[in-house]
There are 2 protein chains.
Amino acid sequence: MSSEPIAAEVLAVIVALVNGEPCVLSLPDAPRLPAGPVLPGHRSLQTAVRAWVEEQTGLSVGYLEQLYTFADRDRDGSGTRTISVSYLGLVRGLTPRAGRWRGWYELFPWEDRRGSDDSGATLVPALKAWAGEAAVRTRRQRCAITFGLDGRPWQPDLALQRYEVLYEAGLVPESPVSSSRSAAQAGTRMDGDHRRVLATGVARLRAKIQYRPVVFELMPAQFTLGQLQACVEALAGQPVHTQNFRRLVEQQHLVEPTGEHAGTGGRPARLYRFRREVLAERQVAGTKLPSVRAR
Amino acid sequence: MSSEPIAAEVLAVIVALVNGEPCVLSLPDAPRLPAGPVLPGHRSLQTAVRAWVEEQTGLSVGYLEQLYTFADRDRDGSGTRTISVSYLGLVRGLTPRAGRWRGWYELFPWEDRRGSDDSGATLVPALKAWAGEAAVRTRRQRCAITFGLDGRPWQPDLALQRYEVLYEAGLVPESPVSSSRSAAQAGTRMDGDHRRVLATGVARLRAKIQYRPVVFELMPAQFTLGQLQACVEALAGQPVHTQNFRRLVEQQHLVEPTGEHAGTGGRPARLYRFRREVLAERQVAGTKLPSVRAR
DNA sequence: GTAATAGTGTCTTTCAGACAGTATGAC
DNA sequence: GTCATACTGTCTGAAAGACACTATTAC
């Protein structure tokens, strides 16, 4: 199998809550994700990720899952092809030795829909202009679906598709379609295609919290239901219906009270801890096929 | 970035229905998935997969998505590390020039729960024996969850986890835990870890049909609802409630009648075609977070 | 006629979404 | 007392699951 010269690297999207805001770990000096080549000493790709993140930022990662593998030719401009295997990691908010946390919503301002609804104020008109250019109906429809226009619902986990639309429309600075359009809302950029990789991670995490109890990887040992909800809202970038959220959490037996309480300004809130048992049980979660017991 | 010598290859899990049975494409002579090194000529990994599958089996793949990247050291015993990027592809049942279709359920007999319920007859006792060996409760629980014991539901998309359990229990021939256990039910093996990769593909496809209309990539241009249901049942390895299935399909506007009919032994069935429009629309599908319109 | 597959109508249970109201702290 | 947050109870409408029945072919 004599192939071309190939380099293999791992790329890490490490997420934590810093003061309640979802952040991604970057190198201290540049807006880059931690990354490094796969070395003979690494037993597996996971090992490689953990090693490089630790070396570059002093942080030891807990939860880690594979995200996606990128390998387009000349991704980095060098002659050889680089295969980048990206990983999504979650840590409980700590301060890394040498890394720097960058807020999701400084990088993707349009992804935060928790606050007042002027979110799309400058972006949406620019999008509509772009969609109107081509007489193609599909471009218009694509904007509508990804950004929830024309009465469609906003879907948090379409973060990657939204980034791709903005990229194609020339509304983010790194886009090759150098545009005359106002890119006011387009957020901070990162090196190379790291912002795209991050968007992949955001999308994956938003999708995953809907059917796996991964949120708890970001929470401290004890927390109130209010804090848990705030965490979910921060990740989803969307407010959540309080009462229904509580019902959902309780009836799935995801947490148990510790007996202690926390004063948070109003009535003291019960403190809860995550029931680790459900990690084993919780392979459950709904299938949608109308299955049948017996024929 | 001077790293170690690395080889990059792509690995294809190509699925089609052959006489209504889900099959995977293998090389004609050996039970191996189509694979090949990434060459300088390949623009992307997808391109590489399409090229190698076409070269080795004469089949041109339609739908293709990335599955997982494997890169444990010495996966194939050679000195250099091989990074294998696996892909899942779907084709409408055609006869490949040089490939060979192998039935899912010859490879994974325990995954077919459509027929009479003696499926686990020989496997379950062996599993229970293994789970009973260690006093560890978790091993027992793991079997129960993956294989739906102790009154738990059978979950089709846990195919990979089930394979892993059998592997660890020494109940598949390729397991290093060479066992004295009866491996009667353990199915045909494949080269290397290809059976594990296939299990990953099976699991992914079973999960995906629940929230994306990918089934239609396996169906001919026209089909009856009965055929569609049989296809879903074949993939899921489980019978499906007929009336509810029809309601689901119709109310989601996934198909439209062509006006023609097909005689299938009983009352002639209406023929339908897939509504391609939904591929754009169908980003929809349920989020489970109790979102809220306005605060 | 029977057997076999196709297709319709409806009932019940479950659950997501929404609203109203009570509880307990700080000030 | 007011304000703010925490927590509980209940209504409603939309689906999922299940059942009974009718329709149209081959034999």
# chains A, B, ... in the order shown; residues from 1 in each chain; ligands from 1

$ interface_residues --of "chain C" --to "chain B" --cutoff "7 Å" --atoms "only C-alpha atoms (C1' of nucleotides)" --output "NGL selection string"
:C and (4-6)

$ closest_atom_pairs --of "chain D" --to "chain B" --cutoff "7 Å" --atoms "only C-alpha atoms (C1' of nucleotides)" --output "JSON lines"
{"residue": "D:DT24", "atom": "C1'", "partner": "B:Arg267", "partner_atom": "CA", "distance": 4.6}
{"residue": "D:DT25", "atom": "C1'", "partner": "B:Arg267", "partner_atom": "CA", "distance": 4.1}
{"residue": "D:DA26", "atom": "C1'", "partner": "B:Gly265", "partner_atom": "CA", "distance": 6.6}

$ write_last_selection --atoms "N, CA, C and O atoms (P, O5', C5', C4', C3', O3' and C1' of nucleotides)" --output "mmCIF file, in the first residue's frame"
data_model
loop_
_atom_site.group_PDB
_atom_site.id
_atom_site.type_symbol
_atom_site.label_atom_id
_atom_site.label_comp_id
_atom_site.auth_asym_id
_atom_site.auth_seq_id
_atom_site.Cartn_x
_atom_site.Cartn_y
_atom_site.Cartn_z
ATOM 1 P P DT D 24 -63.275 -2.348 -3.651
ATOM 2 O "O5'" DT D 24 -62.218 -3.418 -4.157
ATOM 3 C "C5'" DT D 24 -60.864 -3.020 -4.329
ATOM 4 C "C4'" DT D 24 -60.021 -4.240 -4.580
ATOM 5 C "C3'" DT D 24 -60.497 -5.127 -5.742
ATOM 6 O "O3'" DT D 24 -59.388 -5.353 -6.585
ATOM 7 C "C1'" DT D 24 -60.034 -6.428 -3.860
ATOM 8 P P DT D 25 -59.602 -5.630 -8.124
ATOM 9 O "O5'" DT D 25 -59.195 -7.181 -8.214
ATOM 10 C "C5'" DT D 25 -57.951 -7.548 -8.710
ATOM 11 C "C4'" DT D 25 -57.281 -8.570 -7.792
ATOM 12 C "C3'" DT D 25 -57.351 -10.016 -8.266
ATOM 13 O "O3'" DT D 25 -56.405 -10.263 -9.259
ATOM 14 C "C1'" DT D 25 -57.441 -9.797 -5.865
ATOM 15 P P DA D 26 -56.393 -11.620 -10.042
ATOM 16 O "O5'" DA D 26 -55.982 -12.690 -8.937
ATOM 17 C "C5'" DA D 26 -54.624 -12.776 -8.481
ATOM 18 C "C4'" DA D 26 -54.432 -14.107 -7.769
ATOM 19 C "C3'" DA D 26 -54.741 -15.317 -8.647
ATOM 20 O "O3'" DA D 26 -53.801 -16.365 -8.382
ATOM 21 C "C1'" DA D 26 -56.189 -15.318 -6.771
#

$ select_by_dssp --residues "region 60-143 of chain B" --states "helix (DSSP H, G or I)" --output "list of chain:residue names"
B:Trp104, B:Tyr105, B:Glu106, B:Leu107, B:Pro109, B:Trp110, B:Glu111, B:Leu123, B:Val124, B:Pro125, B:Ala126, B:Leu127, B:Lys128, B:Ala129, B:Trp130, B:Ala131, B:Gly132, B:Glu133, B:Arg137, B:Thr138, B:Arg139, B:Arg140, B:Gln141, B:Arg142, B:Cys143

$ closest_residue --among "A:Tyr163, A:Tyr211, A:Tyr272, A:Tyr105" --to "chain B" --atoms "only C-alpha atoms"
A:Tyr211

$ residues_around --residues "DT13 (chain C)" --least-positions-apart "2" --cutoff "12 Å" --atoms "only C-alpha atoms (C1' of nucleotides)" --output "PyMOL selection string"
(chain C and resi 11+15) or (chain D and resi 15-18)

$ atom_distance --atom1 "CA of Met190 (chain B)" --atom2 "CA of Leu94 (chain B)"
22.4 Å

$ select_by_dssp --residues "region 120-273 of chain B" --states "strand (DSSP E)" --output "list in words"
Val255, Glu256, Pro257, Thr258, Gly259, Glu260, His261, Ala262, Ala269, Arg270, Leu271, Tyr272 and Arg273 of chain B

$ residues_around --residues "Pro37 (chain A)" --least-positions-apart "6" --cutoff "12 Å" --atoms "only C-alpha atoms (C1' of nucleotides)" --output "JSON list (two decimals) with N, CA, C and O atoms, in the first residue's frame"
[["chain", "number", "residue", "atom", "x", "y", "z"],
["A", 6, "ILE", "N", 1.51, 11.32, 4.07],
["A", 6, "ILE", "CA", 0.32, 11.69, 4.83],
["A", 6, "ILE", "C", 0.70, 12.03, 6.25],
["A", 6, "ILE", "O", 1.55, 11.39, 6.85],
["A", 7, "ALA", "N", 0.08, 13.07, 6.77],
["A", 7, "ALA", "CA", 0.27, 13.40, 8.17],
["A", 7, "ALA", "C", -1.07, 13.21, 8.88],
["A", 7, "ALA", "O", -2.12, 13.50, 8.31],
["A", 8, "ALA", "N", -1.02, 12.69, 10.06],
["A", 8, "ALA", "CA", -2.24, 12.50, 10.83],
["A", 8, "ALA", "C", -2.18, 13.35, 12.08],
["A", 8, "ALA", "O", -1.20, 13.31, 12.82],
["A", 9, "GLU", "N", -3.22, 14.12, 12.30],
["A", 9, "GLU", "CA", -3.26, 14.91, 13.53],
["A", 9, "GLU", "C", -4.62, 14.75, 14.19],
["A", 9, "GLU", "O", -5.60, 14.38, 13.55],
["A", 10, "VAL", "N", -4.63, 15.05, 15.48],
["A", 10, "VAL", "CA", -5.90, 15.10, 16.19],
["A", 10, "VAL", "C", -6.20, 16.55, 16.54],
["A", 10, "VAL", "O", -5.30, 17.36, 16.68],
["A", 11, "LEU", "N", -7.48, 16.84, 16.67],
["A", 11, "LEU", "CA", -7.95, 18.20, 16.82],
["A", 11, "LEU", "C", -9.02, 18.15, 17.91],
["A", 11, "LEU", "O", -9.92, 17.33, 17.86],
["A", 12, "ALA", "N", -8.91, 19.04, 18.91],
["A", 12, "ALA", "CA", -9.79, 18.90, 20.07],
["A", 12, "ALA", "C", -10.73, 20.08, 20.24],
["A", 12, "ALA", "O", -10.29, 21.23, 20.27],
["A", 45, "LEU", "N", -6.14, 7.08, 19.23],
["A", 45, "LEU", "CA", -6.38, 8.48, 18.91],
["A", 45, "LEU", "C", -6.82, 9.25, 20.14],
["A", 45, "LEU", "O", -6.42, 10.39, 20.36],
["A", 47, "THR", "N", -5.95, 8.68, 23.18],
["A", 47, "THR", "CA", -4.72, 8.94, 23.94],
["A", 47, "THR", "C", -4.01, 10.16, 23.39],
["A", 47, "THR", "O", -3.53, 11.02, 24.14],
["A", 48, "ALA", "N", -3.92, 10.23, 22.07],
["A", 48, "ALA", "CA", -3.24, 11.35, 21.43],
["A", 48, "ALA", "C", -3.92, 12.67, 21.79],
["A", 48, "ALA", "O", -3.25, 13.65, 22.14],
["A", 49, "VAL", "N", -5.25, 12.69, 21.74],
["A", 49, "VAL", "CA", -5.97, 13.92, 22.07],
["A", 49, "VAL", "C", -5.66, 14.34, 23.50],
["A", 49, "VAL", "O", -5.29, 15.47, 23.77],
["A", 51, "ALA", "N", -3.20, 13.60, 25.41],
["A", 51, "ALA", "CA", -1.81, 14.01, 25.58],
["A", 51, "ALA", "C", -1.58, 15.43, 25.06],
["A", 51, "ALA", "O", -0.98, 16.26, 25.73],
["A", 52, "TRP", "N", -2.08, 15.72, 23.87],
["A", 52, "TRP", "CA", -1.81, 17.03, 23.28],
["A", 52, "TRP", "C", -2.54, 18.14, 24.03],
["A", 52, "TRP", "O", -1.99, 19.22, 24.22],
["A", 53, "VAL", "N", -3.76, 17.88, 24.44],
["A", 53, "VAL", "CA", -4.47, 18.91, 25.19],
["A", 53, "VAL", "C", -3.74, 19.18, 26.50],
["A", 53, "VAL", "O", -3.51, 20.33, 26.88],
["A", 82, "THR", "N", -3.13, 16.28, 5.08],
["A", 82, "THR", "CA", -3.27, 16.08, 6.52],
["A", 82, "THR", "C", -4.65, 15.51, 6.81],
["A", 82, "THR", "O", -5.66, 16.06, 6.37],
["A", 83, "ILE", "N", -4.65, 14.42, 7.53],
["A", 83, "ILE", "CA", -5.91, 13.86, 8.01],
["A", 83, "ILE", "C", -6.12, 14.32, 9.44],
["A", 83, "ILE", "O", -5.29, 14.04, 10.30],
["A", 84, "SER", "N", -7.19, 15.05, 9.67],
["A", 84, "SER", "CA", -7.45, 15.56, 11.01],
["A", 84, "SER", "C", -8.64, 14.83, 11.61],
["A", 84, "SER", "O", -9.74, 14.91, 11.08],
["A", 85, "VAL", "N", -8.40, 14.15, 12.69],
["A", 85, "VAL", "CA", -9.49, 13.48, 13.39],
["A", 85, "VAL", "C", -9.88, 14.36, 14.57],
["A", 85, "VAL", "O", -9.07, 14.60, 15.46],
["A", 86, "SER", "N", -11.11, 14.89, 14.53],
["A", 86, "SER", "CA", -11.51, 15.82, 15.58],
["A", 86, "SER", "C", -12.28, 15.09, 16.68],
["A", 86, "SER", "O", -12.98, 14.11, 16.43],
["B", 1, "MET", "N", 6.05, 19.07, 11.78],
["B", 1, "MET", "CA", 5.25, 17.97, 12.32],
["B", 1, "MET", "C", 5.80, 16.63, 11.87],
["B", 1, "MET", "O", 5.19, 15.95, 11.05],
["B", 2, "SER", "N", 6.94, 16.24, 12.33],
["B", 2, "SER", "CA", 7.45, 14.94, 11.91],
["B", 2, "SER", "C", 6.85, 13.88, 12.81],
["B", 2, "SER", "O", 7.20, 13.74, 13.96],
["B", 3, "SER", "N", 5.95, 13.13, 12.26],
["B", 3, "SER", "CA", 5.30, 12.11, 13.07],
["B", 3, "SER", "C", 5.82, 10.74, 12.66],
["B", 3, "SER", "O", 6.89, 10.61, 12.10],
["B", 4, "GLU", "N", 5.06, 9.72, 12.94],
["B", 4, "GLU", "CA", 5.47, 8.37, 12.58],
["B", 4, "GLU", "C", 5.00, 8.04, 11.17],
["B", 4, "GLU", "O", 4.18, 8.75, 10.61],
["B", 5, "PRO", "N", 5.53, 6.96, 10.58],
["B", 5, "PRO", "CA", 5.00, 6.54, 9.27],
["B", 5, "PRO", "C", 3.54, 6.13, 9.41],
["B", 5, "PRO", "O", 3.20, 5.33, 10.28],
["B", 6, "ILE", "N", 2.73, 6.69, 8.56],
["B", 6, "ILE", "CA", 1.29, 6.46, 8.69],
["B", 6, "ILE", "C", 0.70, 6.12, 7.34],
["B", 6, "ILE", "O", 1.09, 6.69, 6.32]]

$ atom_distance --atom1 "CA of Gln229 (chain B)" --atom2 "CA of Phe216 (chain B)"
11.1 Å

$ atom_distance --atom1 "CA of Ala35 (chain A)" --atom2 "CA of Leu90 (chain A)"
15.9 Å

$ closest_residue --among "B:Leu127, B:Ala207, B:Ala98, B:Val202" --to "chain A" --atoms "only C-alpha atoms"
B:Ala207
